[in-house]
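As stored in upload-v6.cif (mmCIF, C-alpha atoms):
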```cif
data_final
#
loop_
_atom_site.group_PDB
_atom_site.id
_atom_site.type_symbol
_atom_site.label_atom_id
_atom_site.label_comp_id
_atom_site.auth_asym_id
_atom_site.auth_seq_id
_atom_site.Cartn_x
_atom_site.Cartn_y
_atom_site.Cartn_z
ATOM 1 C CA MET A 5 6.305 15.394 -22.666
ATOM 2 C CA LYS A 6 4.268 17.907 -24.625
ATOM 3 C CA LEU A 7 2.518 16.683 -27.751
ATOM 4 C CA SER A 8 1.854 18.932 -30.690
ATOM 5 C CA TYR A 9 -1.680 20.180 -31.179
ATOM 6 C CA THR A 10 -2.117 18.149 -34.372
ATOM 7 C CA LEU A 11 -1.067 14.935 -32.654
ATOM 8 C CA GLN A 12 -3.460 15.628 -29.778
ATOM 9 C CA VAL A 13 -6.346 16.079 -32.213
ATOM 10 C CA VAL A 14 -5.450 12.898 -34.105
ATOM 11 C CA LEU A 15 -5.228 10.887 -30.888
ATOM 12 C CA LYS A 16 -8.614 12.184 -29.754
ATOM 13 C CA LEU A 17 -10.173 11.294 -33.101
ATOM 14 C CA VAL A 18 -8.717 7.783 -32.950
ATOM 15 C CA LEU A 19 -9.992 7.376 -29.387
ATOM 16 C CA VAL A 20 -13.497 8.495 -30.389
ATOM 17 C CA LEU A 21 -13.483 6.153 -33.395
ATOM 18 C CA VAL A 22 -12.379 3.159 -31.304
ATOM 19 C CA LEU A 23 -14.989 3.901 -28.632
ATOM 20 C CA ALA A 24 -17.688 4.256 -31.293
ATOM 21 C CA ILE A 25 -16.796 0.867 -32.766
ATOM 22 C CA ILE A 26 -16.790 -0.785 -29.345
ATOM 23 C CA LEU A 27 -20.137 0.764 -28.443
ATOM 24 C CA PHE A 28 -21.573 -0.304 -31.803
ATOM 25 C CA PHE A 29 -20.761 -3.939 -31.078
ATOM 26 C CA VAL A 30 -22.020 -3.661 -27.507
ATOM 27 C CA GLY A 31 -25.256 -2.231 -28.898
ATOM 28 C CA LEU A 32 -25.529 -5.119 -31.351
ATOM 29 C CA MET A 33 -25.106 -7.592 -28.523
ATOM 30 C CA ILE A 34 -27.662 -5.842 -26.318
ATOM 31 C CA GLY A 35 -30.131 -5.508 -29.161
ATOM 32 C CA TYR A 36 -29.864 -9.135 -30.209
ATOM 33 C CA GLY A 37 -29.349 -10.701 -26.794
ATOM 34 C CA VAL A 38 -31.621 -8.700 -24.526
ATOM 35 C CA ILE A 39 -34.243 -7.115 -26.745
ATOM 36 C CA GLY A 40 -34.296 -9.923 -29.328
ATOM 37 C CA ASN A 41 -34.270 -12.737 -26.759
ATOM 38 C CA GLY A 42 -31.332 -14.457 -28.460
ATOM 39 C CA LYS A 43 -27.892 -15.378 -27.237
ATOM 40 C CA ALA A 44 -25.828 -12.171 -27.245
ATOM 41 C CA THR A 45 -22.746 -13.727 -28.852
ATOM 42 C CA ASP A 46 -24.816 -15.139 -31.710
ATOM 43 C CA VAL A 47 -24.844 -11.663 -33.246
ATOM 44 C CA PHE A 48 -21.343 -12.434 -34.556
ATOM 45 C CA ASN A 49 -22.534 -15.591 -36.323
ATOM 46 C CA PRO A 50 -22.405 -15.141 -40.129
ATOM 47 C CA SER A 51 -25.670 -17.039 -40.606
ATOM 48 C CA ILE A 52 -27.481 -14.378 -38.570
ATOM 49 C CA TRP A 53 -26.194 -11.662 -40.897
ATOM 50 C CA GLN A 54 -27.119 -13.684 -43.979
ATOM 51 C CA HIS A 55 -30.640 -13.969 -42.588
ATOM 52 C CA ILE A 56 -30.789 -10.206 -41.879
ATOM 53 C CA PHE A 57 -29.534 -9.263 -45.348
ATOM 54 C CA ALA A 58 -31.911 -11.764 -46.976
ATOM 55 C CA PHE A 59 -34.775 -10.175 -45.051
ATOM 56 C CA PHE A 60 -34.074 -6.774 -46.659
ATOM 57 C CA LYS A 61 -33.704 -8.102 -50.208
#
```
Whole structure, structure tokens version:
Amino acid sequence: MKLSYTLQVVLKLVLVLVLAIILFFVGLMIGYGVIGNGKATDVFNPSIWQHIFAFFK
């Protein structure tokens, strides 16, 4: 089945966007868990983000 050129471009853009989002969250987990010596899954805890945003205020 041959896809149109426009559909191919859209699918590639969606794939790149999804991979970028996944890699962003993996980077957050590595940064917080490995470099920051915390538990990697704690990066998804809202209290962590409140602390980060309060730090920049």
Test item: residues at most 7 Å from stretch 43-53 of chain A, only C-alpha atoms, excluding those fewer than 3 positions along its chain, as a PyMOL selection string: chain A and resi 32-34+36-37+56-57
For the selection you just gave me, I'd like the residues written to a file as a tab-separated table (two decimals), keeping the file's coordinate frame, keeping C-alpha atoms.
```tsv
chain	number	residue	atom	x	y	z
A	32	LEU	CA	-25.53	-5.12	-31.35
A	33	MET	CA	-25.11	-7.59	-28.52
A	34	ILE	CA	-27.66	-5.84	-26.32
A	36	TYR	CA	-29.86	-9.14	-30.21
A	37	GLY	CA	-29.35	-10.70	-26.79
A	56	ILE	CA	-30.79	-10.21	-41.88
A	57	PHE	CA	-29.53	-9.26	-45.35
```
Point-to-point distance in Å for atom CA of A:Lys61 and atom CA of A:Val38: 25.8 Å
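The two atoms in question, atom CA of A:Phe29 and atom CA of A:His55, are spaced 18.2 Å apart.
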Atom CA of A:Val30 to atom CA of A:Leu17, distance in Å rounded to a single decimal: 19.9 Å
